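Chemist: Input file: protein.json. Contents: JSON, N, CA and C atoms.
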[["chain", "number", "residue", "atom", "x", "y", "z"],
["A", 1, "MET", "N", 0.84, -1.18, 0.00],
["A", 1, "MET", "CA", 0.00, 0.00, 0.00],
["A", 1, "MET", "C", 0.88, 1.24, 0.00],
["A", 2, "SER", "N", 0.57, 2.19, -0.82],
["A", 2, "SER", "CA", 1.37, 3.41, -0.96],
["A", 2, "SER", "C", 1.05, 4.40, 0.15],
["A", 3, "ASP", "N", 2.11, 5.03, 0.68],
["A", 3, "ASP", "CA", 1.90, 6.09, 1.67],
["A", 3, "ASP", "C", 2.10, 7.47, 1.03],
["A", 4, "ASN", "N", 2.21, 7.51, -0.32],
["A", 4, "ASN", "CA", 2.35, 8.74, -1.08],
["A", 4, "ASN", "C", 3.55, 9.58, -0.66],
["A", 5, "ARG", "N", 4.59, 8.96, -0.19],
["A", 5, "ARG", "CA", 5.79, 9.66, 0.24],
["A", 5, "ARG", "C", 6.81, 9.62, -0.88],
["A", 6, "ASP", "N", 7.50, 10.73, -1.11],
["A", 6, "ASP", "CA", 8.58, 10.74, -2.08],
["A", 6, "ASP", "C", 9.81, 10.16, -1.41],
["A", 7, "TYR", "N", 10.36, 9.10, -1.99],
["A", 7, "TYR", "CA", 11.55, 8.46, -1.45],
["A", 7, "TYR", "C", 12.78, 8.98, -2.18],
["A", 8, "THR", "N", 13.86, 9.10, -1.46],
["A", 8, "THR", "CA", 15.15, 9.38, -2.07],
["A", 8, "THR", "C", 16.06, 8.21, -1.76],
["A", 9, "PHE", "N", 17.21, 8.16, -2.40],
["A", 9, "PHE", "CA", 18.14, 7.07, -2.15],
["A", 9, "PHE", "C", 18.51, 7.00, -0.68],
["A", 10, "GLU", "N", 18.58, 8.14, 0.01],
["A", 10, "GLU", "CA", 18.95, 8.15, 1.42],
["A", 10, "GLU", "C", 17.92, 7.44, 2.29],
["A", 11, "ASP", "N", 16.69, 7.33, 1.83],
["A", 11, "ASP", "CA", 15.64, 6.67, 2.59],
["A", 11, "ASP", "C", 15.77, 5.15, 2.58],
["A", 12, "ILE", "N", 16.60, 4.64, 1.70],
["A", 12, "ILE", "CA", 16.73, 3.20, 1.56],
["A", 12, "ILE", "C", 17.98, 2.77, 2.31],
["A", 13, "HIS", "N", 17.78, 2.29, 3.51],
["A", 13, "HIS", "CA", 18.89, 1.90, 4.35],
["A", 13, "HIS", "C", 19.44, 0.55, 3.91],
["A", 14, "ASP", "N", 20.74, 0.50, 3.72],
["A", 14, "ASP", "CA", 21.39, -0.71, 3.27],
["A", 14, "ASP", "C", 22.74, -0.82, 3.95],
["A", 15, "SER", "N", 22.77, -1.49, 5.09],
["A", 15, "SER", "CA", 24.00, -1.58, 5.85],
["A", 15, "SER", "C", 25.04, -2.47, 5.18],
["A", 16, "SER", "N", 24.63, -3.30, 4.24],
["A", 16, "SER", "CA", 25.57, -4.20, 3.59],
["A", 16, "SER", "C", 26.36, -3.49, 2.48],
["A", 17, "HIS", "N", 25.87, -2.37, 2.00],
["A", 17, "HIS", "CA", 26.50, -1.61, 0.91],
["A", 17, "HIS", "C", 26.62, -2.46, -0.36],
["A", 18, "ASN", "N", 25.75, -3.41, -0.52],
["A", 18, "ASN", "CA", 25.72, -4.27, -1.69],
["A", 18, "ASN", "C", 24.86, -3.59, -2.75],
["A", 19, "GLU", "N", 25.45, -3.34, -3.90],
["A", 19, "GLU", "CA", 24.75, -2.61, -4.96],
["A", 19, "GLU", "C", 23.47, -3.31, -5.40],
["A", 20, "GLU", "N", 23.51, -4.62, -5.57],
["A", 20, "GLU", "CA", 22.31, -5.34, -6.01],
["A", 20, "GLU", "C", 21.20, -5.27, -4.96],
["A", 21, "ASP", "N", 21.57, -5.40, -3.68],
["A", 21, "ASP", "CA", 20.58, -5.26, -2.61],
["A", 21, "ASP", "C", 19.99, -3.86, -2.60],
["A", 22, "PHE", "N", 20.85, -2.87, -2.81],
["A", 22, "PHE", "CA", 20.39, -1.48, -2.84],
["A", 22, "PHE", "C", 19.34, -1.29, -3.93],
["A", 23, "TYR", "N", 19.63, -1.74, -5.15],
["A", 23, "TYR", "CA", 18.69, -1.55, -6.24],
["A", 23, "TYR", "C", 17.43, -2.39, -6.06],
["A", 24, "ALA", "N", 17.54, -3.56, -5.45],
["A", 24, "ALA", "CA", 16.35, -4.38, -5.17],
["A", 24, "ALA", "C", 15.44, -3.66, -4.18],
["A", 25, "LYS", "N", 16.02, -3.06, -3.16],
["A", 25, "LYS", "CA", 15.22, -2.32, -2.18],
["A", 25, "LYS", "C", 14.63, -1.05, -2.80],
["A", 26, "PHE", "N", 15.42, -0.39, -3.64],
["A", 26, "PHE", "CA", 14.92, 0.80, -4.32],
["A", 26, "PHE", "C", 13.74, 0.44, -5.21],
["A", 27, "LYS", "N", 13.84, -0.66, -5.94],
["A", 27, "LYS", "CA", 12.75, -1.10, -6.82],
["A", 27, "LYS", "C", 11.49, -1.38, -6.01],
["A", 28, "GLU", "N", 11.67, -2.03, -4.88],
["A", 28, "GLU", "CA", 10.54, -2.32, -3.99],
["A", 28, "GLU", "C", 9.83, -1.03, -3.58],
["A", 29, "ARG", "N", 10.60, -0.07, -3.14],
["A", 29, "ARG", "CA", 10.03, 1.21, -2.71],
["A", 29, "ARG", "C", 9.41, 1.97, -3.88],
["A", 30, "LEU", "N", 10.08, 1.92, -5.02],
["A", 30, "LEU", "CA", 9.58, 2.60, -6.21],
["A", 30, "LEU", "C", 8.21, 2.05, -6.60],
["A", 31, "LYS", "N", 8.06, 0.74, -6.56],
["A", 31, "LYS", "CA", 6.78, 0.13, -6.91],
["A", 31, "LYS", "C", 5.69, 0.48, -5.89],
["A", 32, "ASP", "N", 6.10, 0.80, -4.65],
["A", 32, "ASP", "CA", 5.14, 1.21, -3.63],
["A", 32, "ASP", "C", 4.58, 2.61, -3.89],
["A", 33, "VAL", "N", 5.39, 3.48, -4.50],
["A", 33, "VAL", "CA", 4.98, 4.88, -4.63],
["A", 33, "VAL", "C", 4.67, 5.31, -6.06],
["A", 34, "GLN", "N", 4.98, 4.48, -7.05],
["A", 34, "GLN", "CA", 4.79, 4.86, -8.44],
["A", 34, "GLN", "C", 4.10, 3.75, -9.20],
["A", 35, "LYS", "N", 3.08, 4.08, -9.93],
["A", 35, "LYS", "CA", 2.41, 3.12, -10.81],
["A", 35, "LYS", "C", 2.95, 3.32, -12.22],
["A", 36, "PHE", "N", 3.23, 2.22, -12.89],
["A", 36, "PHE", "CA", 3.74, 2.27, -14.27],
["A", 36, "PHE", "C", 2.74, 1.60, -15.19],
["A", 37, "PRO", "N", 2.66, 2.04, -16.43],
["A", 37, "PRO", "CA", 3.46, 3.07, -17.09],
["A", 37, "PRO", "C", 3.07, 4.48, -16.63],
["A", 38, "ALA", "N", 4.06, 5.37, -16.65],
["A", 38, "ALA", "CA", 3.84, 6.75, -16.20],
["A", 38, "ALA", "C", 5.05, 7.61, -16.56],
["A", 39, "GLU", "N", 4.85, 8.92, -16.45],
["A", 39, "GLU", "CA", 5.99, 9.82, -16.58],
["A", 39, "GLU", "C", 6.81, 9.73, -15.30],
["A", 40, "TYR", "N", 8.12, 9.75, -15.45],
["A", 40, "TYR", "CA", 9.03, 9.69, -14.31],
["A", 40, "TYR", "C", 10.08, 10.77, -14.49],
["A", 41, "VAL", "N", 10.43, 11.44, -13.41],
["A", 41, "VAL", "CA", 11.43, 12.51, -13.48],
["A", 41, "VAL", "C", 12.71, 12.05, -12.79],
["A", 42, "PHE", "N", 13.77, 11.96, -13.57],
["A", 42, "PHE", "CA", 15.10, 11.67, -13.04],
["A", 42, "PHE", "C", 15.76, 13.01, -12.74],
["A", 43, "LYS", "N", 16.47, 13.09, -11.61],
["A", 43, "LYS", "CA", 17.17, 14.33, -11.25],
["A", 43, "LYS", "C", 18.60, 14.00, -10.88],
["A", 44, "PHE", "N", 19.52, 14.81, -11.43],
["A", 44, "PHE", "CA", 20.94, 14.61, -11.18],
["A", 44, "PHE", "C", 21.60, 15.97, -10.98],
["A", 45, "ILE", "N", 22.70, 15.95, -10.24],
["A", 45, "ILE", "CA", 23.55, 17.12, -10.08],
["A", 45, "ILE", "C", 24.94, 16.71, -10.55],
["A", 46, "TYR", "N", 25.59, 17.60, -11.30],
["A", 46, "TYR", "CA", 26.93, 17.28, -11.79],
["A", 46, "TYR", "C", 27.78, 18.54, -11.83],
["A", 47, "PRO", "N", 29.11, 18.37, -11.73],
["A", 47, "PRO", "CA", 30.00, 19.52, -11.88],
["A", 47, "PRO", "C", 29.78, 20.09, -13.28],
["A", 48, "SER", "N", 29.50, 21.37, -13.37],
["A", 48, "SER", "CA", 29.12, 21.99, -14.64],
["A", 48, "SER", "C", 30.16, 21.74, -15.72],
["A", 49, "SER", "N", 29.76, 20.97, -16.70],
["A", 49, "SER", "CA", 30.59, 20.76, -17.89],
["A", 49, "SER", "C", 29.68, 20.20, -18.98],
["A", 50, "GLU", "N", 29.94, 20.66, -20.18],
["A", 50, "GLU", "CA", 29.14, 20.18, -21.31],
["A", 50, "GLU", "C", 29.38, 18.69, -21.54],
["A", 51, "GLU", "N", 30.61, 18.24, -21.31],
["A", 51, "GLU", "CA", 30.94, 16.83, -21.50],
["A", 51, "GLU", "C", 30.10, 15.93, -20.58],
["A", 52, "THR", "N", 30.01, 16.30, -19.30],
["A", 52, "THR", "CA", 29.22, 15.50, -18.36],
["A", 52, "THR", "C", 27.74, 15.55, -18.71],
["A", 53, "MET", "N", 27.26, 16.74, -19.06],
["A", 53, "MET", "CA", 25.86, 16.87, -19.46],
["A", 53, "MET", "C", 25.56, 15.95, -20.65],
["A", 54, "ASN", "N", 26.44, 15.92, -21.63],
["A", 54, "ASN", "CA", 26.22, 15.08, -22.80],
["A", 54, "ASN", "C", 26.26, 13.59, -22.46],
["A", 55, "LYS", "N", 27.11, 13.21, -21.50],
["A", 55, "LYS", "CA", 27.15, 11.80, -21.08],
["A", 55, "LYS", "C", 25.82, 11.40, -20.44],
["A", 56, "ILE", "N", 25.26, 12.29, -19.63],
["A", 56, "ILE", "CA", 23.96, 12.01, -19.02],
["A", 56, "ILE", "C", 22.89, 11.89, -20.10],
["A", 57, "LYS", "N", 22.88, 12.84, -21.01],
["A", 57, "LYS", "CA", 21.88, 12.82, -22.08],
["A", 57, "LYS", "C", 22.03, 11.59, -22.98],
["A", 58, "ASP", "N", 23.26, 11.11, -23.16],
["A", 58, "ASP", "CA", 23.48, 9.92, -23.98],
["A", 58, "ASP", "C", 22.79, 8.68, -23.39],
["A", 59, "VAL", "N", 22.64, 8.64, -22.07],
["A", 59, "VAL", "CA", 21.97, 7.51, -21.41],
["A", 59, "VAL", "C", 20.52, 7.42, -21.88],
["A", 60, "PHE", "N", 19.92, 8.56, -22.19],
["A", 60, "PHE", "CA", 18.50, 8.62, -22.54],
["A", 60, "PHE", "C", 18.25, 8.77, -24.03],
["A", 61, "LEU", "N", 19.22, 8.45, -24.86],
["A", 61, "LEU", "CA", 19.09, 8.64, -26.31],
["A", 61, "LEU", "C", 17.89, 7.92, -26.92],
["A", 62, "ASP", "N", 17.51, 6.80, -26.36],
["A", 62, "ASP", "CA", 16.42, 6.01, -26.93],
["A", 62, "ASP", "C", 15.04, 6.50, -26.52],
["A", 63, "GLN", "N", 14.96, 7.62, -25.80],
["A", 63, "GLN", "CA", 13.70, 8.13, -25.28],
["A", 63, "GLN", "C", 13.42, 9.55, -25.77],
["A", 64, "THR", "N", 12.15, 9.92, -25.74],
["A", 64, "THR", "CA", 11.77, 11.32, -25.91],
["A", 64, "THR", "C", 11.81, 11.92, -24.52],
["A", 65, "VAL", "N", 12.66, 12.93, -24.34],
["A", 65, "VAL", "CA", 12.94, 13.45, -23.00],
["A", 65, "VAL", "C", 12.67, 14.95, -22.96],
["A", 66, "ASP", "N", 12.06, 15.38, -21.87],
["A", 66, "ASP", "CA", 11.88, 16.80, -21.59],
["A", 66, "ASP", "C", 12.92, 17.17, -20.53],
["A", 67, "TYR", "N", 13.98, 17.89, -20.94],
["A", 67, "TYR", "CA", 15.06, 18.27, -20.02],
["A", 67, "TYR", "C", 14.83, 19.65, -19.44],
["A", 68, "SER", "N", 15.24, 19.82, -18.20],
["A", 68, "SER", "CA", 15.33, 21.15, -17.61],
["A", 68, "SER", "C", 16.63, 21.22, -16.82],
["A", 69, "TYR", "N", 17.20, 22.43, -16.75],
["A", 69, "TYR", "CA", 18.51, 22.64, -16.15],
["A", 69, "TYR", "C", 18.46, 23.81, -15.18],
["A", 70, "LYS", "N", 19.33, 23.76, -14.18],
["A", 70, "LYS", "CA", 19.48, 24.89, -13.28],
["A", 70, "LYS", "C", 20.90, 24.89, -12.75],
["A", 71, "ALA", "N", 21.58, 26.01, -12.93],
["A", 71, "ALA", "CA", 22.95, 26.15, -12.45],
["A", 71, "ALA", "C", 22.93, 26.62, -11.00],
["A", 72, "SER", "N", 23.94, 26.21, -10.23],
["A", 72, "SER", "CA", 24.06, 26.69, -8.86],
["A", 72, "SER", "C", 24.45, 28.17, -8.90],
["A", 73, "ALA", "N", 24.34, 28.84, -7.77],
["A", 73, "ALA", "CA", 24.61, 30.28, -7.70],
["A", 73, "ALA", "C", 26.01, 30.62, -8.23],
["A", 74, "ASN", "N", 26.99, 29.80, -7.92],
["A", 74, "ASN", "CA", 28.35, 30.07, -8.39],
["A", 74, "ASN", "C", 28.66, 29.36, -9.71],
["A", 75, "ARG", "N", 27.67, 28.70, -10.27],
["A", 75, "ARG", "CA", 27.75, 27.99, -11.55],
["A", 75, "ARG", "C", 28.76, 26.84, -11.54],
["A", 76, "LYS", "N", 29.15, 26.40, -10.35],
["A", 76, "LYS", "CA", 30.08, 25.27, -10.23],
["A", 76, "LYS", "C", 29.36, 23.95, -10.53],
["A", 77, "TYR", "N", 28.07, 23.89, -10.20],
["A", 77, "TYR", "CA", 27.28, 22.68, -10.40],
["A", 77, "TYR", "C", 26.03, 23.00, -11.20],
["A", 78, "THR", "N", 25.52, 21.99, -11.88],
["A", 78, "THR", "CA", 24.27, 22.12, -12.62],
["A", 78, "THR", "C", 23.38, 20.95, -12.25],
["A", 79, "SER", "N", 22.09, 21.23, -12.11],
["A", 79, "SER", "CA", 21.14, 20.14, -11.93],
["A", 79, "SER", "C", 20.43, 19.94, -13.27],
["A", 80, "ILE", "N", 20.16, 18.69, -13.56],
["A", 80, "ILE", "CA", 19.43, 18.35, -14.77],
["A", 80, "ILE", "C", 18.29, 17.43, -14.38],
["A", 81, "SER", "N", 17.11, 17.73, -14.89],
["A", 81, "SER", "CA", 15.95, 16.87, -14.71],
["A", 81, "SER", "C", 15.57, 16.33, -16.07],
["A", 82, "ALA", "N", 15.23, 15.06, -16.11],
["A", 82, "ALA", "CA", 14.83, 14.41, -17.36],
["A", 82, "ALA", "C", 13.49, 13.74, -17.14],
["A", 83, "LYS", "N", 12.44, 14.30, -17.76],
["A", 83, "LYS", "CA", 11.10, 13.72, -17.64],
["A", 83, "LYS", "C", 10.87, 12.79, -18.83],
["A", 84, "ILE", "N", 10.55, 11.53, -18.50],
["A", 84, "ILE", "CA", 10.45, 10.49, -19.51],
["A", 84, "ILE", "C", 9.24, 9.61, -19.21],
["A", 85, "PHE", "N", 8.60, 9.12, -20.23],
["A", 85, "PHE", "CA", 7.54, 8.13, -20.05],
["A", 85, "PHE", "C", 8.21, 6.77, -19.88],
["A", 86, "ILE", "N", 7.92, 6.11, -18.76],
["A", 86, "ILE", "CA", 8.56, 4.84, -18.41],
["A", 86, "ILE", "C", 7.50, 3.74, -18.32],
["A", 87, "ASP", "N", 7.81, 2.57, -18.85],
["A", 87, "ASP", "CA", 6.87, 1.45, -18.86],
["A", 87, "ASP", "C", 6.85, 0.65, -17.56],
["A", 88, "GLU", "N", 8.03, 0.50, -16.91],
["A", 88, "GLU", "CA", 8.08, -0.33, -15.71],
["A", 88, "GLU", "C", 9.26, 0.06, -14.83],
["A", 89, "ALA", "N", 9.22, -0.36, -13.57],
["A", 89, "ALA", "CA", 10.23, 0.00, -12.58],
["A", 89, "ALA", "C", 11.63, -0.43, -12.99],
["A", 90, "ASP", "N", 11.77, -1.58, -13.64],
["A", 90, "ASP", "CA", 13.09, -2.06, -14.06],
["A", 90, "ASP", "C", 13.79, -1.07, -14.99],
["A", 91, "VAL", "N", 13.02, -0.37, -15.81],
["A", 91, "VAL", "CA", 13.60, 0.61, -16.72],
["A", 91, "VAL", "C", 14.20, 1.77, -15.92],
["A", 92, "VAL", "N", 13.51, 2.21, -14.88],
["A", 92, "VAL", "CA", 14.03, 3.27, -14.01],
["A", 92, "VAL", "C", 15.36, 2.83, -13.40],
["A", 93, "ILE", "N", 15.38, 1.63, -12.87],
["A", 93, "ILE", "CA", 16.59, 1.09, -12.23],
["A", 93, "ILE", "C", 17.74, 1.04, -13.23],
["A", 94, "ASN", "N", 17.47, 0.57, -14.43],
["A", 94, "ASN", "CA", 18.52, 0.47, -15.45],
["A", 94, "ASN", "C", 19.10, 1.83, -15.82],
["A", 95, "TYR", "N", 18.24, 2.84, -15.92],
["A", 95, "TYR", "CA", 18.75, 4.19, -16.21],
["A", 95, "TYR", "C", 19.62, 4.70, -15.07],
["A", 96, "TYR", "N", 19.18, 4.49, -13.83],
["A", 96, "TYR", "CA", 20.00, 4.92, -12.70],
["A", 96, "TYR", "C", 21.35, 4.20, -12.69],
["A", 97, "LYS", "N", 21.36, 2.92, -13.00],
["A", 97, "LYS", "CA", 22.62, 2.16, -13.04],
["A", 97, "LYS", "C", 23.55, 2.73, -14.11],
["A", 98, "ASP", "N", 22.99, 3.10, -15.26],
["A", 98, "ASP", "CA", 23.81, 3.66, -16.34],
["A", 98, "ASP", "C", 24.39, 5.02, -15.95],
["A", 99, "VAL", "N", 23.57, 5.87, -15.35],
["A", 99, "VAL", "CA", 24.05, 7.20, -14.96],
["A", 99, "VAL", "C", 25.07, 7.08, -13.82],
["A", 100, "ALA", "N", 24.91, 6.10, -12.95],
["A", 100, "ALA", "CA", 25.84, 5.91, -11.84],
["A", 100, "ALA", "C", 27.27, 5.67, -12.32],
["A", 101, "LYS", "N", 27.45, 5.24, -13.54],
["A", 101, "LYS", "CA", 28.78, 4.99, -14.11],
["A", 101, "LYS", "C", 29.50, 6.29, -14.50],
["A", 102, "ILE", "N", 28.77, 7.40, -14.54],
["A", 102, "ILE", "CA", 29.35, 8.67, -14.96],
["A", 102, "ILE", "C", 29.99, 9.35, -13.76],
["A", 103, "GLU", "N", 31.27, 9.59, -13.84],
["A", 103, "GLU", "CA", 32.01, 10.17, -12.72],
["A", 103, "GLU", "C", 31.49, 11.56, -12.34],
["A", 104, "GLY", "N", 31.31, 11.77, -11.04],
["A", 104, "GLY", "CA", 30.95, 13.08, -10.53],
["A", 104, "GLY", "C", 29.45, 13.37, -10.47],
["A", 105, "VAL", "N", 28.62, 12.48, -10.98],
["A", 105, "VAL", "CA", 27.18, 12.73, -11.02],
["A", 105, "VAL", "C", 26.55, 12.24, -9.71],
["A", 106, "ILE", "N", 25.72, 13.09, -9.13],
["A", 106, "ILE", "CA", 24.97, 12.76, -7.92],
["A", 106, "ILE", "C", 23.53, 12.51, -8.34],
["A", 107, "MET", "N", 23.00, 11.38, -7.94],
["A", 107, "MET", "CA", 21.62, 11.03, -8.29],
["A", 107, "MET", "C", 20.70, 11.42, -7.14],
["A", 108, "LEU", "N", 19.61, 12.07, -7.48],
["A", 108, "LEU", "CA", 18.65, 12.48, -6.45],
["A", 108, "LEU", "C", 17.39, 11.66, -6.57]]
Re-express the file's structure as structure tokens.
Modeler:
Amino acid sequence: MSDNRDYTFEDIHDSSHNEEDFYAKFKERLKDVQKFPAEYVFKFIYPSSEETMNKIKDVFLDQTVDYSYKASANRKYTSISAKIFIDEADVVINYYKDVAKIEGVIML
């Protein structure tokens, strides 16, 4: 049953630090709060660089994406949001796994 709470990665406690356990728990929570298919918004923060931005966007090449950006006050960091229509929770997990490979990117 959904409690309509927005979960972040910090809400998913994983004392084992096992990546597969982490994503399994995240998927469980995601299915509790999100019904698929639906629009899903991915949010990331990265050190401002066109190269990093393009690496993030490359992850979503196979999708129609609505991007929005916001630079930090000192322009050292940029946040990027990617709104995408997603069919199932596994797709969300796979995108997060792909973006996690990009150095310096923080996933929200």
Chemist: Can you pull out every residue within 6 Å of range 67-72 of chain A, counting all atoms listed in the file, but drop anything in the same chain fewer than 6 positions away, and send it as a ChimeraX atom specification?
Modeler: /A:78-83
Chemist: In Å, rounded to a single decimal, give me how far CA of Tyr77 in chain A is from atom N of Val91 in chain A.
Modeler: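 Atom N of Val91 in chain A sits 27.6 Å away from CA of Tyr77 in chain A.
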Chemist: For the atom pair atom C of Pro37 in chain A and CA of Asp62 in chain A, what is the interatomic distance in Å to one decimal place?
Modeler: 16.9 Å
Chemist: Env of Ile56 in chain A: 8 Å cut, atoms = only N, CA and C atoms, seq-sep filter 6 positions within chain, self excluded. Answer as a VMD selection string.
Modeler: chain A and resid 50 98 to 99 102
Chemist: In Å to one decimal, how far is atom C of Phe85 in chain A from atom C of Gln63 in chain A?
Modeler: 8.3 Å
Chemist: Out of A:Ile84, A:Lys35, A:Lys55, A:Pro47, which residue has the shortest atom-to-atom distance to Gly104 in chain A when counting only N, CA and C atoms?
Modeler: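 Comparing A:Ile84, A:Lys35, A:Lys55, A:Pro47 against Gly104 in chain A, the winner is A:Pro47.
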Chemist: From the set A:Asp90, A:Lys25, A:Tyr46, A:Asp58, which residue has the shortest atom-to-atom contact distance to Glu103 in chain A, counting only C-alpha atoms?
Modeler: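 Smallest separation from Glu103 in chain A among the options: A:Tyr46.
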Chemist: Report, as AutoDock Vina command-line options, the axis-aligned box around all atoms of range 23-31 of chain A present in the file, extended by 6 Å on each side; give centre and edge lengths in Å to one decimal place.
Modeler:
--center_x 12.7 --center_y -0.9 --center_z -4.5 --size_x 25.9 --size_y 19.0 --size_z 16.7
Chemist: Measuring atom to atom with only C-alpha atoms, identify which of A:Asn74, A:Phe44, A:Arg29, A:Gln34 is nearest to Ala100 in chain A.
Modeler: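 Of all the options, A:Phe44 lies closest to Ala100 in chain A.
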Chemist: Using only C-alpha atoms, which residue out of A:Ala24, A:Ala73, A:Val65, A:Met107 lies closest to Lys43 in chain A?
Modeler: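 For Lys43 in chain A, the nearest of the candidates is A:Met107.
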Chemist: Have a look at A:Glu19, A:Glu88, A:Glu28, A:Lys76 and name the one nearest to Ser49 in chain A; count all atoms listed in the file.
Modeler: A:Lys76
Chemist: Write out N, CA, C and O atoms for range 23-34 of chain A, as a compact mmCIF listing (two decimals), in the coordinates of the input.
Modeler:
# COMPACT_ATOMS: atom_id res chain seq x y z
N TYR A 23 19.63 -1.74 -5.15
CA TYR A 23 18.69 -1.55 -6.24
C TYR A 23 17.43 -2.39 -6.06
O TYR A 23 16.33 -1.97 -6.44
N ALA A 24 17.54 -3.56 -5.45
CA ALA A 24 16.35 -4.38 -5.17
C ALA A 24 15.44 -3.66 -4.18
O ALA A 24 14.21 -3.62 -4.36
N LYS A 25 16.02 -3.06 -3.16
CA LYS A 25 15.22 -2.32 -2.18
C LYS A 25 14.63 -1.05 -2.80
O LYS A 25 13.48 -0.69 -2.53
N PHE A 26 15.42 -0.39 -3.64
CA PHE A 26 14.92 0.80 -4.32
C PHE A 26 13.74 0.44 -5.21
O PHE A 26 12.72 1.13 -5.23
N LYS A 27 13.84 -0.66 -5.94
CA LYS A 27 12.75 -1.10 -6.82
C LYS A 27 11.49 -1.38 -6.01
O LYS A 27 10.38 -1.00 -6.41
N GLU A 28 11.67 -2.03 -4.88
CA GLU A 28 10.54 -2.32 -3.99
C GLU A 28 9.83 -1.03 -3.58
O GLU A 28 8.60 -0.91 -3.66
N ARG A 29 10.60 -0.07 -3.14
CA ARG A 29 10.03 1.21 -2.71
C ARG A 29 9.41 1.97 -3.88
O ARG A 29 8.37 2.60 -3.74
N LEU A 30 10.08 1.92 -5.02
CA LEU A 30 9.58 2.60 -6.21
C LEU A 30 8.21 2.05 -6.60
O LEU A 30 7.29 2.81 -6.89
N LYS A 31 8.06 0.74 -6.56
CA LYS A 31 6.78 0.13 -6.91
C LYS A 31 5.69 0.48 -5.89
O LYS A 31 4.51 0.51 -6.22
N ASP A 32 6.10 0.80 -4.65
CA ASP A 32 5.14 1.21 -3.63
C ASP A 32 4.58 2.61 -3.89
O ASP A 32 3.45 2.90 -3.53
N VAL A 33 5.39 3.48 -4.50
CA VAL A 33 4.98 4.88 -4.63
C VAL A 33 4.67 5.31 -6.06
O VAL A 33 4.14 6.39 -6.28
N GLN A 34 4.98 4.48 -7.05
CA GLN A 34 4.79 4.86 -8.44
C GLN A 34 4.10 3.75 -9.20
O GLN A 34 4.50 2.60 -9.10
